[in-house]
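Participant: Below is the file target.tsv, with TSV, C-alpha atoms (C1' of nucleotides).
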chain	number	residue	atom	x	y	z
A	1	MET	CA	-88.96	6.76	0.41
A	2	LYS	CA	-89.08	3.05	1.03
A	3	TRP	CA	-86.60	0.68	2.53
A	4	HIS	CA	-85.43	-0.99	-0.60
A	5	ASP	CA	-85.10	2.20	-2.62
A	6	LEU	CA	-81.80	2.76	-0.90
A	7	ASN	CA	-80.23	-0.13	-2.74
A	8	ASP	CA	-80.60	1.77	-5.98
A	9	ASP	CA	-79.32	5.01	-4.57
A	10	ALA	CA	-76.29	6.49	-6.23
A	11	CYS	CA	-74.51	7.02	-2.93
A	12	PRO	CA	-72.52	3.98	-1.78
A	13	LEU	CA	-73.17	4.90	1.82
A	14	ALA	CA	-76.89	4.84	1.18
A	15	ARG	CA	-76.57	1.46	-0.47
A	16	ALA	CA	-74.55	0.24	2.47
A	17	MET	CA	-77.41	1.27	4.72
A	18	GLY	CA	-79.71	-0.81	2.55
A	19	VAL	CA	-77.64	-3.79	3.67
A	20	ILE	CA	-76.52	-3.06	7.21
A	21	GLY	CA	-78.99	-0.32	8.13
A	22	ASP	CA	-80.96	-2.26	10.68
A	23	ARG	CA	-80.55	-3.44	14.21
A	24	TRP	CA	-79.34	-6.95	13.46
A	25	THR	CA	-77.23	-7.24	10.36
A	26	LEU	CA	-74.07	-5.82	11.85
A	27	LEU	CA	-74.39	-8.05	14.89
A	28	ILE	CA	-74.80	-11.06	12.61
A	29	LEU	CA	-71.62	-10.02	10.87
A	30	ARG	CA	-69.88	-9.69	14.21
A	31	GLU	CA	-70.86	-13.26	15.03
A	32	CYS	CA	-69.45	-14.38	11.69
A	33	PHE	CA	-66.12	-12.85	12.61
A	34	LEU	CA	-66.30	-14.62	15.96
A	35	GLY	CA	-66.67	-17.91	14.13
A	36	VAL	CA	-70.37	-18.61	14.19
A	37	ARG	CA	-71.67	-20.13	10.98
A	38	ARG	CA	-74.99	-21.81	11.62
A	39	PHE	CA	-78.54	-20.61	11.81
A	40	ASP	CA	-79.14	-21.73	15.35
A	41	GLY	CA	-75.79	-20.38	16.44
A	42	PHE	CA	-76.75	-16.88	15.34
A	43	GLN	CA	-80.23	-17.24	16.70
A	44	LYS	CA	-79.27	-18.39	20.18
A	45	ARG	CA	-76.42	-15.96	20.61
A	46	LEU	CA	-78.24	-12.88	19.35
A	47	GLY	CA	-81.79	-13.49	20.47
A	48	VAL	CA	-83.07	-12.35	17.10
A	49	THR	CA	-86.27	-13.99	15.90
A	50	ARG	CA	-85.76	-16.87	13.47
A	51	HIS	CA	-88.02	-15.05	11.09
A	52	LEU	CA	-85.82	-11.98	10.83
A	53	LEU	CA	-82.62	-13.97	10.96
A	54	ALA	CA	-83.64	-15.96	7.90
A	55	GLU	CA	-84.51	-12.75	6.13
A	56	ARG	CA	-81.22	-11.04	7.01
A	57	LEU	CA	-79.12	-14.02	6.04
A	58	LYS	CA	-80.89	-14.10	2.72
A	59	ARG	CA	-80.12	-10.46	2.14
A	60	LEU	CA	-76.50	-10.83	3.11
A	61	GLU	CA	-76.25	-13.73	0.73
A	62	ALA	CA	-77.90	-11.73	-2.06
A	63	MET	CA	-75.38	-8.95	-1.47
A	64	GLU	CA	-72.57	-11.47	-1.59
A	65	VAL	CA	-71.40	-10.62	1.89
A	66	LEU	CA	-72.10	-14.15	3.09
A	67	GLU	CA	-72.29	-17.37	1.15
A	68	ARG	CA	-74.44	-20.36	1.96
A	69	ARG	CA	-72.80	-23.69	1.50
A	70	PRO	CA	-73.71	-27.24	2.48
A	71	TYR	CA	-71.68	-28.74	5.31
A	72	GLN	CA	-73.47	-32.09	5.32
A	73	GLU	CA	-76.00	-34.12	3.38
A	74	ARG	CA	-78.66	-36.34	4.93
A	75	PRO	CA	-80.14	-34.22	6.16
A	76	LEU	CA	-78.91	-31.42	3.94
A	77	ARG	CA	-77.63	-28.56	6.05
A	78	HIS	CA	-76.03	-25.28	5.13
A	79	GLU	CA	-73.73	-22.91	6.89
A	80	TYR	CA	-73.03	-19.25	6.27
A	81	ARG	CA	-69.55	-18.00	5.65
A	82	LEU	CA	-68.04	-14.63	4.98
A	83	THR	CA	-67.16	-14.02	1.34
A	84	ALA	CA	-64.27	-11.80	0.29
A	85	SER	CA	-66.63	-8.81	0.54
A	86	GLY	CA	-67.68	-9.94	3.95
A	87	LYS	CA	-64.14	-10.30	5.16
A	88	SER	CA	-63.26	-6.87	3.86
A	89	PHE	CA	-65.87	-5.50	6.22
A	90	ALA	CA	-63.56	-6.18	9.17
A	91	PRO	CA	-62.03	-2.69	9.30
A	92	VAL	CA	-65.49	-1.11	9.42
A	93	LEU	CA	-66.48	-3.32	12.32
A	94	LEU	CA	-63.25	-2.54	14.08
A	95	ALA	CA	-63.55	1.21	13.55
A	96	MET	CA	-67.13	1.13	14.72
A	97	GLN	CA	-66.42	-0.83	17.84
A	98	ASP	CA	-63.58	1.52	18.65
A	99	TRP	CA	-65.86	4.52	18.20
A	100	ALA	CA	-68.66	3.02	20.27
A	101	GLN	CA	-66.31	2.18	23.08
A	102	HIS	CA	-64.64	5.56	23.25
A	103	SER	CA	-67.41	7.92	22.24
A	104	LEU	CA	-70.70	6.49	23.39
A	105	PRO	CA	-72.05	7.15	26.87
A	106	ASN	CA	-72.34	4.27	29.34
A	107	ALA	CA	-69.47	2.33	27.90
A	108	GLU	CA	-68.95	-0.99	29.57
A	109	PRO	CA	-65.96	-3.14	28.79
A	110	SER	CA	-66.57	-4.99	25.56
A	111	PRO	CA	-67.36	-8.71	25.75
A	112	PHE	CA	-64.84	-9.30	22.99
A	113	ALA	CA	-61.64	-7.76	21.69
A	114	PHE	CA	-59.62	-7.43	18.55
A	115	VAL	CA	-56.13	-8.84	18.81
A	116	THR	CA	-53.33	-9.44	16.33
A	117	ARG	CA	-53.23	-12.93	14.89
A	118	ASP	CA	-49.53	-13.11	15.51
A	119	GLY	CA	-49.09	-12.63	19.22
A	120	GLY	CA	-52.59	-11.78	20.34
A	121	ALA	CA	-51.78	-8.24	21.37
A	122	PRO	CA	-54.79	-5.94	21.51
A	123	VAL	CA	-54.90	-3.53	18.59
A	124	ASP	CA	-55.36	0.23	18.65
A	125	PRO	CA	-56.92	1.11	15.32
A	126	VAL	CA	-56.20	4.31	13.41
A	127	LEU	CA	-57.36	5.05	9.93
A	128	THR	CA	-54.50	6.27	7.76
A	129	ASP	CA	-53.92	7.20	4.16
A	130	ARG	CA	-52.25	4.37	2.28
A	131	ASN	CA	-50.10	6.79	0.31
A	132	SER	CA	-49.03	9.43	2.78
A	133	GLY	CA	-49.46	7.42	5.95
A	134	GLN	CA	-51.21	10.45	7.39
A	135	GLU	CA	-53.88	9.85	9.99
A	136	LEU	CA	-57.40	10.30	8.65
A	137	ASN	CA	-59.93	12.06	10.85
A	138	HIS	CA	-62.19	15.10	10.85
A	139	ARG	CA	-59.20	17.42	11.13
A	140	THR	CA	-57.24	15.99	8.22
A	141	VAL	CA	-59.97	14.94	5.81
A	142	LEU	CA	-62.73	16.86	4.16
A	143	MET	CA	-65.83	15.42	2.61
A	144	VAL	CA	-66.76	17.13	-0.62
A	145	PRO	CA	-69.58	16.66	-3.09
A	146	SER	CA	-67.98	15.34	-6.25
A	147	LYS	CA	-70.88	16.28	-8.47
A	148	SER	CA	-74.15	18.05	-8.09
A	149	VAL	CA	-77.31	16.08	-8.36
A	150	PRO	CA	-79.74	17.95	-10.60
A	151	GLY	CA	-83.24	18.21	-9.30
A	152	THR	CA	-82.31	18.16	-5.66
A	153	ALA	CA	-81.63	21.08	-3.38
A	154	PHE	CA	-78.11	19.75	-3.21
A	155	ASP	CA	-76.15	22.77	-4.29
A	156	ALA	CA	-78.46	25.46	-3.07
A	157	ASP	CA	-78.44	24.12	0.42
A	158	LEU	CA	-74.73	23.63	0.70
A	159	GLN	CA	-73.93	26.94	-0.89
A	160	ARG	CA	-76.05	28.62	1.67
A	161	LEU	CA	-74.60	26.75	4.59
A	162	GLU	CA	-70.94	26.47	3.83
A	163	PRO	CA	-69.88	30.13	3.57
A	164	LYS	CA	-70.58	30.85	7.24
A	165	SER	CA	-67.53	28.81	8.23
A	166	ALA	CA	-66.56	25.51	6.67
A	167	GLY	CA	-68.16	23.00	9.01
A	168	SER	CA	-65.25	21.36	10.74
B	169	MET	CA	-86.04	-8.20	22.11
B	170	LYS	CA	-87.04	-4.62	21.56
B	171	TRP	CA	-85.36	-1.78	19.79
B	172	HIS	CA	-84.25	0.16	22.80
B	173	ASP	CA	-82.95	-2.82	24.72
B	174	LEU	CA	-79.83	-2.58	22.63
B	175	ASN	CA	-78.80	0.63	24.31
B	176	ASP	CA	-78.34	-1.25	27.55
B	177	ASP	CA	-76.50	-4.13	25.97
B	178	ALA	CA	-73.01	-4.80	27.21
B	179	CYS	CA	-71.56	-4.94	23.74
B	180	PRO	CA	-70.49	-1.53	22.44
B	181	LEU	CA	-71.31	-2.62	18.92
B	182	ALA	CA	-74.85	-3.44	19.97
B	183	ARG	CA	-75.14	-0.05	21.63
B	184	ALA	CA	-73.82	1.57	18.48
B	185	MET	CA	-76.59	-0.15	16.56
B	186	GLY	CA	-79.05	1.36	18.99
B	187	VAL	CA	-77.88	4.74	17.69
B	188	ILE	CA	-77.02	4.25	14.03
B	189	GLY	CA	-78.87	1.00	13.38
B	190	ASP	CA	-81.50	2.40	11.09
B	191	ARG	CA	-81.77	3.58	7.56
B	192	TRP	CA	-81.33	7.30	8.21
B	193	THR	CA	-79.01	8.11	11.05
B	194	LEU	CA	-75.82	7.45	9.19
B	195	LEU	CA	-76.98	9.51	6.25
B	196	ILE	CA	-77.83	12.36	8.59
B	197	LEU	CA	-74.31	12.12	9.95
B	198	ARG	CA	-72.93	12.16	6.43
B	199	GLU	CA	-74.80	15.38	5.79
B	200	CYS	CA	-73.33	16.84	8.94
B	201	PHE	CA	-69.86	16.13	7.64
B	202	LEU	CA	-70.82	17.77	4.36
B	203	GLY	CA	-71.73	20.92	6.28
B	204	VAL	CA	-75.49	20.72	6.64
B	205	ARG	CA	-76.72	21.95	9.98
B	206	ARG	CA	-80.39	22.79	9.74
B	207	PHE	CA	-83.57	20.80	9.95
B	208	ASP	CA	-84.80	21.73	6.51
B	209	GLY	CA	-81.37	21.15	5.00
B	210	PHE	CA	-81.38	17.55	6.18
B	211	GLN	CA	-84.97	17.06	5.23
B	212	LYS	CA	-84.68	18.36	1.68
B	213	ARG	CA	-81.42	16.64	0.89
B	214	LEU	CA	-82.33	13.24	2.30
B	215	GLY	CA	-86.04	13.02	1.60
B	216	VAL	CA	-86.63	11.65	5.07
B	217	THR	CA	-89.96	12.51	6.67
B	218	ARG	CA	-89.89	15.47	9.05
B	219	HIS	CA	-91.35	13.21	11.68
B	220	LEU	CA	-88.47	10.75	11.63
B	221	LEU	CA	-85.86	13.43	11.15
B	222	ALA	CA	-86.98	15.18	14.33
B	223	GLU	CA	-86.88	11.86	16.15
B	224	ARG	CA	-83.41	10.97	14.89
B	225	LEU	CA	-81.94	14.36	15.63
B	226	LYS	CA	-83.30	14.08	19.15
B	227	ARG	CA	-81.66	10.70	19.57
B	228	LEU	CA	-78.34	11.88	18.22
B	229	GLU	CA	-78.51	14.79	20.60
B	230	ALA	CA	-79.31	12.49	23.52
B	231	MET	CA	-76.32	10.36	22.62
B	232	GLU	CA	-74.18	13.45	22.46
B	233	VAL	CA	-73.24	12.87	18.86
B	234	LEU	CA	-74.87	16.12	17.79
B	235	GLU	CA	-75.58	19.24	19.78
B	236	ARG	CA	-78.43	21.63	19.27
B	237	ARG	CA	-77.55	25.26	19.59
B	238	PRO	CA	-79.36	28.48	18.78
B	239	TYR	CA	-78.04	30.38	15.77
B	240	GLN	CA	-80.55	33.24	16.03
B	241	GLU	CA	-83.25	34.64	18.27
B	242	ARG	CA	-86.47	36.20	17.10
B	243	PRO	CA	-87.55	33.76	15.99
B	244	LEU	CA	-85.49	31.36	18.01
B	245	ARG	CA	-83.84	28.87	15.71
B	246	HIS	CA	-81.47	26.02	16.39
B	247	GLU	CA	-78.89	24.23	14.31
B	248	TYR	CA	-77.32	20.83	14.80
B	249	ARG	CA	-73.59	20.43	15.01
B	250	LEU	CA	-71.27	17.51	15.47
B	251	THR	CA	-69.87	17.18	18.97
B	252	ALA	CA	-66.45	15.70	19.65
B	253	SER	CA	-68.05	12.24	19.62
B	254	GLY	CA	-69.73	13.04	16.36
B	255	LYS	CA	-66.52	14.21	14.77
B	256	SER	CA	-64.70	11.11	15.91
B	257	PHE	CA	-67.17	9.14	13.85
B	258	ALA	CA	-65.44	10.30	10.67
B	259	PRO	CA	-63.16	7.26	10.32
B	260	VAL	CA	-66.14	4.91	10.56
B	261	LEU	CA	-67.94	6.80	7.82
B	262	LEU	CA	-64.83	6.76	5.71
B	263	ALA	CA	-64.20	3.06	6.20
B	264	MET	CA	-67.80	2.28	5.45
B	265	GLN	CA	-67.92	4.32	2.29
B	266	ASP	CA	-64.72	2.69	1.13
B	267	TRP	CA	-66.16	-0.76	1.82
B	268	ALA	CA	-69.44	0.00	0.08
B	269	GLN	CA	-67.68	1.34	-2.97
B	270	HIS	CA	-65.30	-1.57	-3.36
B	271	SER	CA	-67.31	-4.49	-2.09
B	272	LEU	CA	-70.95	-3.89	-2.82
B	273	PRO	CA	-72.48	-4.89	-6.14
B	274	ASN	CA	-73.73	-2.19	-8.54
B	275	ALA	CA	-71.26	0.39	-7.39
B	276	GLU	CA	-71.71	3.72	-9.07
B	277	PRO	CA	-69.23	6.52	-8.60
B	278	SER	CA	-69.92	8.21	-5.29
B	279	PRO	CA	-71.55	11.65	-5.35
B	280	PHE	CA	-68.96	12.85	-2.85
B	281	ALA	CA	-65.38	12.13	-1.97
B	282	PHE	CA	-62.98	12.31	0.93
B	283	VAL	CA	-59.96	14.49	0.27
B	284	THR	CA	-57.12	15.76	2.43
B	285	ARG	CA	-57.69	19.20	3.88
B	286	ASP	CA	-54.21	20.23	2.87
B	287	GLY	CA	-54.09	19.80	-0.88
B	288	GLY	CA	-57.41	18.16	-1.61
B	289	ALA	CA	-55.91	14.89	-2.78
B	290	PRO	CA	-58.30	11.94	-2.60
B	291	VAL	CA	-57.51	9.63	0.29
B	292	ASP	CA	-57.07	5.87	0.22
B	293	PRO	CA	-58.00	4.68	3.70
B	294	VAL	CA	-56.36	1.76	5.48
B	295	LEU	CA	-56.91	0.82	9.06
B	296	THR	CA	-53.62	0.34	10.88
B	297	ASP	CA	-52.44	-0.39	14.37
B	298	ARG	CA	-51.26	2.76	16.08
B	299	ASN	CA	-48.41	0.95	17.76
B	300	SER	CA	-47.04	-1.39	15.15
B	301	GLY	CA	-48.27	0.41	12.06
B	302	GLN	CA	-49.43	-2.96	10.81
B	303	GLU	CA	-52.44	-3.04	8.53
B	304	LEU	CA	-55.58	-4.28	10.27
B	305	ASN	CA	-57.85	-6.61	8.33
B	306	HIS	CA	-59.33	-10.10	8.56
B	307	ARG	CA	-55.92	-11.65	7.90
B	308	THR	CA	-54.04	-9.77	10.59
B	309	VAL	CA	-56.67	-9.34	13.31
B	310	LEU	CA	-58.71	-11.84	15.22
B	311	MET	CA	-61.84	-11.14	17.14
B	312	VAL	CA	-61.98	-12.98	20.44
B	313	PRO	CA	-64.53	-13.17	23.22
B	314	SER	CA	-62.93	-11.48	26.20
B	315	LYS	CA	-65.26	-12.98	28.75
B	316	SER	CA	-68.05	-15.46	28.75
B	317	VAL	CA	-71.54	-14.29	29.39
B	318	PRO	CA	-73.23	-16.62	31.87
B	319	GLY	CA	-76.69	-17.72	30.95
B	320	THR	CA	-76.20	-17.47	27.23
B	321	ALA	CA	-75.16	-20.18	24.84
B	322	PHE	CA	-72.07	-18.07	24.29
B	323	ASP	CA	-69.35	-20.54	25.17
B	324	ALA	CA	-71.11	-23.72	24.20
B	325	ASP	CA	-71.74	-22.47	20.74
B	326	LEU	CA	-68.31	-21.11	20.08
B	327	GLN	CA	-66.60	-24.11	21.57
B	328	ARG	CA	-68.51	-26.29	19.21
B	329	LEU	CA	-67.87	-24.16	16.16
B	330	GLU	CA	-64.31	-23.03	16.50
B	331	PRO	CA	-62.39	-26.31	16.62
B	332	LYS	CA	-63.33	-27.23	13.05
B	333	SER	CA	-60.97	-24.54	11.73
B	334	ALA	CA	-60.70	-21.05	13.14
B	335	GLY	CA	-63.05	-18.99	10.98
B	336	SER	CA	-60.78	-16.81	8.92
C	337	DA	C1'	-103.42	40.89	4.28
C	338	DT	C1'	-101.19	37.26	2.20
C	339	DT	C1'	-97.30	34.48	1.38
C	340	DG	C1'	-92.85	32.45	2.70
C	341	DT	C1'	-89.40	30.41	5.89
C	342	DT	C1'	-87.91	27.51	9.57
C	343	DG	C1'	-88.68	23.96	12.70
C	344	DG	C1'	-91.32	21.25	14.23
C	345	DT	C1'	-96.01	18.11	15.73
C	346	DT	C1'	-100.11	15.28	14.75
C	347	DC	C1'	-102.70	12.09	12.15
C	348	DT	C1'	-103.63	7.84	9.59
C	349	DA	C1'	-102.14	4.06	6.61
C	350	DT	C1'	-98.52	0.92	5.46
C	351	DT	C1'	-94.36	-1.77	6.57
C	352	DT	C1'	-91.36	-3.99	9.60
C	353	DT	C1'	-90.61	-6.40	13.67
C	354	DG	C1'	-91.38	-9.49	17.61
C	355	DG	C1'	-92.92	-13.77	19.44
C	356	DA	C1'	-94.60	-18.01	19.29
C	357	DA	C1'	-96.02	-22.11	17.04
C	358	DC	C1'	-95.53	-25.30	13.20
C	359	DT	C1'	-93.05	-28.13	9.48
C	360	DC	C1'	-89.78	-31.44	7.68
C	361	DA	C1'	-85.91	-34.60	7.49
C	362	DT	C1'	-83.05	-37.23	10.09
C	363	DT	C1'	-80.75	-38.95	14.21
C	364	DA	C1'	-80.68	-40.26	19.09
C	365	DT	C1'	-82.93	-42.14	23.15
C	366	DC	C1'	-86.22	-44.87	26.00
D	367	DG	C1'	-91.23	-48.81	17.82
D	368	DA	C1'	-92.58	-44.52	19.91
D	369	DT	C1'	-90.84	-40.31	21.51
D	370	DA	C1'	-87.71	-36.65	21.83
D	371	DA	C1'	-84.08	-33.81	19.98
D	372	DT	C1'	-81.51	-31.19	16.31
D	373	DG	C1'	-81.14	-27.93	12.60
D	374	DA	C1'	-83.06	-24.86	9.47
D	375	DG	C1'	-86.46	-22.71	8.28
D	376	DT	C1'	-91.78	-20.96	7.40
D	377	DT	C1'	-96.29	-19.24	8.85
D	378	DC	C1'	-99.36	-16.47	11.52
D	379	DC	C1'	-100.84	-12.65	14.39
D	380	DA	C1'	-100.00	-8.67	17.33
D	381	DA	C1'	-97.09	-4.77	18.32
D	382	DA	C1'	-93.99	-1.22	16.93
D	383	DA	C1'	-91.78	1.73	13.52
D	384	DT	C1'	-91.99	4.34	9.23
D	385	DA	C1'	-94.03	7.02	5.26
D	386	DG	C1'	-96.71	10.69	3.74
D	387	DA	C1'	-99.34	14.38	4.23
D	388	DA	C1'	-101.47	17.98	6.73
D	389	DC	C1'	-101.24	21.17	10.40
D	390	DC	C1'	-99.25	24.71	13.74
D	391	DA	C1'	-96.46	28.66	15.48
D	392	DA	C1'	-93.22	32.65	15.20
D	393	DC	C1'	-91.78	35.72	12.82
D	394	DA	C1'	-90.18	38.33	7.98
D	395	DA	C1'	-91.04	39.98	3.48
D	396	DT	C1'	-94.17	41.72	-0.20
For the structure just supplied, provide its representation as structure tokens.

Facilitator:
Amino acid sequence: MKWHDLNDDACPLARAMGVIGDRWTLLILRECFLGVRRFDGFQKRLGVTRHLLAERLKRLEAMEVLERRPYQERPLRHEYRLTASGKSFAPVLLAMQDWAQHSLPNAEPSPFAFVTRDGGAPVDPVLTDRNSGQELNHRTVLMVPSKSVPGTAFDADLQRLEPKSAGS
Amino acid sequence: MKWHDLNDDACPLARAMGVIGDRWTLLILRECFLGVRRFDGFQKRLGVTRHLLAERLKRLEAMEVLERRPYQERPLRHEYRLTASGKSFAPVLLAMQDWAQHSLPNAEPSPFAFVTRDGGAPVDPVLTDRNSGQELNHRTVLMVPSKSVPGTAFDADLQRLEPKSAGS
DNA sequence: ATTGTTGGTTCTATTTTGGAACTCATTATC
DNA sequence: GATAATGAGTTCCAAAATAGAACCAACAAT
């Protein structure tokens, strides 16, 4: 299975990995949220090669996560800005940073923080259900296959594994 | 900059990318949440090569996201289970799936869903602040550098970019 | 005795990255 | 007026990662 095949995958998570499933893309997005918009800004701050950066920016643009727009003429120069899709990625970034900080070994204090726009107080993120307000985590939510995928070992494998004790 | 250098990076997000910053790891984790625990289960359902799967499982184990434990002797066989860290990754997975489904082009209905354990109702995830209950998104939260990193173009670049109009 | 299952490892070929140098348009400096 | 600097890439080659397939080992089942 090749890299780009993921973009056609039925699973949204798999398609997401086609976009952000590499070492740099998420960090580029982080820089966007920090306010960086220009090629050299990303390049200098991340240390990514110009080659890959150009490639990643192109992909993010193709996926409509970033948009490229001119900020001056003579010489013509473009900057990259988050689109609506890009902005809606904020909660993912936040959840991930929270996870990394609390659950990954060797945690050092983060070089940046998330604060409320009104007041600047640091935030403590929890995922909740919009309707019930209930906290969403591995104890309250269950992931279930919503349809079987014919031709794969999908069902057979799960059927065999689940009965032992529903994987918590 | 090499792959593994990220694991030593100060930024938790960068370290997270050292773990899940590839095409497969997140999908392996998804399978874990669906109840898959064995090598062949992952391999058949994902189509990843056995080579890479072994490598990824080893890394997830090293990062204490998964643990390898024997489920039988004669012949000795091991299964992979989510650790506490692994389980706490659930909100990230949920937020990401939600983002992919709503914000990525070509969205097809997902082959699996997140439902509440009590009742099985589909969930509608929102990230909120544990203290204020306020919704957390690009309009309510701001990402700020919490310290400058000497030797990098960190400050210079941000200083130059931010004044124009705080990147929303 | 042969085949099947589970959980890997090893091998080679192909893709992706990393790193550095080069281009082009335009502005700033000596 | 010549030379350097800026910004945004592109091109080229070497190094690393991934894909795909074959192989191995410990048993169990037929």

Participant: Counting all atoms listed in the file, what is within 12 Å of C:DT341, bar same-chain residues fewer than 3 positions away, as an NGL selection string?

Facilitator: (:B and (207-208 or 243 or 245)) or (:D and (392-395))

Participant: When you look at D:DT376 with a cut-off of 9 Å (counting only C-alpha atoms (C1' of nucleotides)), what residues show up, excluding the ones that are within fewer than 5 positions of it in the same chain? I need them as number ranges by chain.

Facilitator: A: 51; C: 358-359

Participant: Distance table requested - chain D against chain B, cut-off 12 Å, only C-alpha atoms (C1' of nucleotides): one row per qualifying residue with the closest atom pair and its distance in Å to one decimal, ordered by chain and rising residue number, as a tab-separated table.

Facilitator:
residue	atom	partner	partner_atom	distance
D:DA381	C1'	B:Lys170	CA	10.6
D:DA382	C1'	B:Lys170	CA	9.0
D:DA383	C1'	B:Trp171	CA	9.6
D:DT384	C1'	B:Leu220	CA	7.7
D:DA385	C1'	B:Thr217	CA	7.0
D:DG386	C1'	B:Thr217	CA	7.6
D:DA387	C1'	B:Thr217	CA	9.9
D:DA391	C1'	B:Pro243	CA	10.3
D:DA392	C1'	B:Pro243	CA	5.8
D:DC393	C1'	B:Pro243	CA	5.6
D:DA394	C1'	B:Pro243	CA	9.6

Participant: If the cut-off is 10 Å, can you tell me the residues of chain C near chain A, counting all atoms listed in the file? I'd like them as a list in words.

Facilitator: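 Here is what falls inside 10 Å: DT351, DT352, DT353, DG354, DG355, DA356, DA361, DT362 and DT363 of chain C.
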
Participant: Check which residues of chain A sit at most 6 Å from chain B using all atoms listed in the file, and return one row each with the closest pair of atoms and their distance in Å to one decimal, ordered by chain and rising number, as a Markdown table.

Facilitator:
| residue | atom | partner | partner_atom | distance |
| --- | --- | --- | --- | --- |
| A:Cys11 | CA | B:Ser278 | CA | 5.3 |
| A:Pro12 | CA | B:Ala268 | CA | 5.4 |
| A:Leu13 | CA | B:Gln265 | CA | 5.3 |
| A:Ala16 | CA | B:Ala268 | CA | 5.6 |
| A:Met17 | CA | B:Arg191 | CA | 5.7 |
| A:Gly21 | CA | B:Asp190 | CA | 4.7 |
| A:Asp22 | CA | B:Asp190 | CA | 4.7 |
| A:Arg23 | CA | B:Gly189 | CA | 4.8 |
| A:Leu34 | CA | B:Met311 | CA | 5.8 |
| A:Gly35 | CA | B:Gly335 | CA | 4.9 |
| A:Ser85 | CA | B:Ser271 | CA | 5.1 |
| A:Lys87 | CA | B:His306 | CA | 5.9 |
| A:Ala90 | CA | B:Asn305 | CA | 5.8 |
| A:Pro91 | CA | B:Asn305 | CA | 5.8 |
| A:Val92 | CA | B:Ala263 | CA | 5.4 |
| A:Ala95 | CA | B:Val260 | CA | 5.4 |
| A:Met96 | CA | B:Val260 | CA | 5.7 |
| A:Gln97 | CA | B:Leu181 | CA | 5.3 |
| A:Ala100 | CA | B:Pro180 | CA | 5.4 |
| A:Gln101 | CA | B:Pro180 | CA | 5.6 |
| A:Ser103 | CA | B:Ser253 | CA | 5.1 |
| A:Ser110 | CA | B:Cys179 | CA | 5.3 |
| A:Pro111 | CA | B:Ser314 | CA | 5.2 |
| A:Phe112 | CA | B:Pro313 | CA | 3.9 |
| A:Ala113 | CA | B:Val312 | CA | 5.4 |
| A:Phe114 | CA | B:Met311 | CA | 4.5 |
| A:Val115 | CA | B:Leu310 | CA | 5.3 |
| A:Thr116 | CA | B:Val309 | CA | 4.5 |
| A:Arg117 | CA | B:Val309 | CA | 5.2 |
| A:Val123 | CA | B:Asp297 | CA | 5.8 |
| A:Asp124 | CA | B:Asp297 | CA | 5.2 |
| A:Pro125 | CA | B:Asp297 | CA | 4.8 |
| A:Val126 | CA | B:Thr296 | CA | 5.4 |
| A:Leu127 | CA | B:Leu295 | CA | 4.3 |
| A:Thr128 | CA | B:Val294 | CA | 5.4 |
| A:Asp129 | CA | B:Pro293 | CA | 4.8 |
| A:Arg130 | CA | B:Asp292 | CA | 5.5 |
| A:Asn137 | CA | B:Ala258 | CA | 5.8 |
| A:His138 | CA | B:Ala258 | CA | 5.8 |
| A:Thr140 | CA | B:Arg285 | CA | 5.4 |
| A:Val141 | CA | B:Thr284 | CA | 4.5 |
| A:Leu142 | CA | B:Val283 | CA | 5.3 |
| A:Met143 | CA | B:Phe282 | CA | 4.5 |
| A:Val144 | CA | B:Phe280 | CA | 5.3 |
| A:Pro145 | CA | B:Phe280 | CA | 3.9 |
| A:Ser146 | CA | B:Phe280 | CA | 4.3 |
| A:Lys147 | CA | B:Pro279 | CA | 5.6 |
| A:Gly167 | CA | B:Gly203 | CA | 5.0 |

Participant: Can you measure atom CA of A:Leu60 to atom CA of A:Glu73 for me? One decimal in Å is fine.

Facilitator: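 The value is 23.3 Å.
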
Participant: Using Å and a single decimal, report how far atom C1' of C:DA349 sits from atom C1' of D:DC390.

Facilitator: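 Atom C1' of C:DA349 lies 22.0 Å from atom C1' of D:DC390.
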
Participant: For atom C1' of C:DA357 and atom CA of A:Ile28, quote the distance in Å rounded to one decimal.

Facilitator: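 So the two atoms, atom C1' of C:DA357 and atom CA of A:Ile28, lie 24.3 Å apart.
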
Participant: Around all the atoms of stretch 134-142 of chain A listed in the file, draw an axis-aligned box and extend it by 4 Å on each of the six sides; I want its centre and edge lengths in Å to one decimal, as JSON.

Facilitator:
{"center_x": -57.0, "center_y": 13.6, "center_z": 7.6, "size_x": 19.5, "size_y": 15.6, "size_z": 15.0}
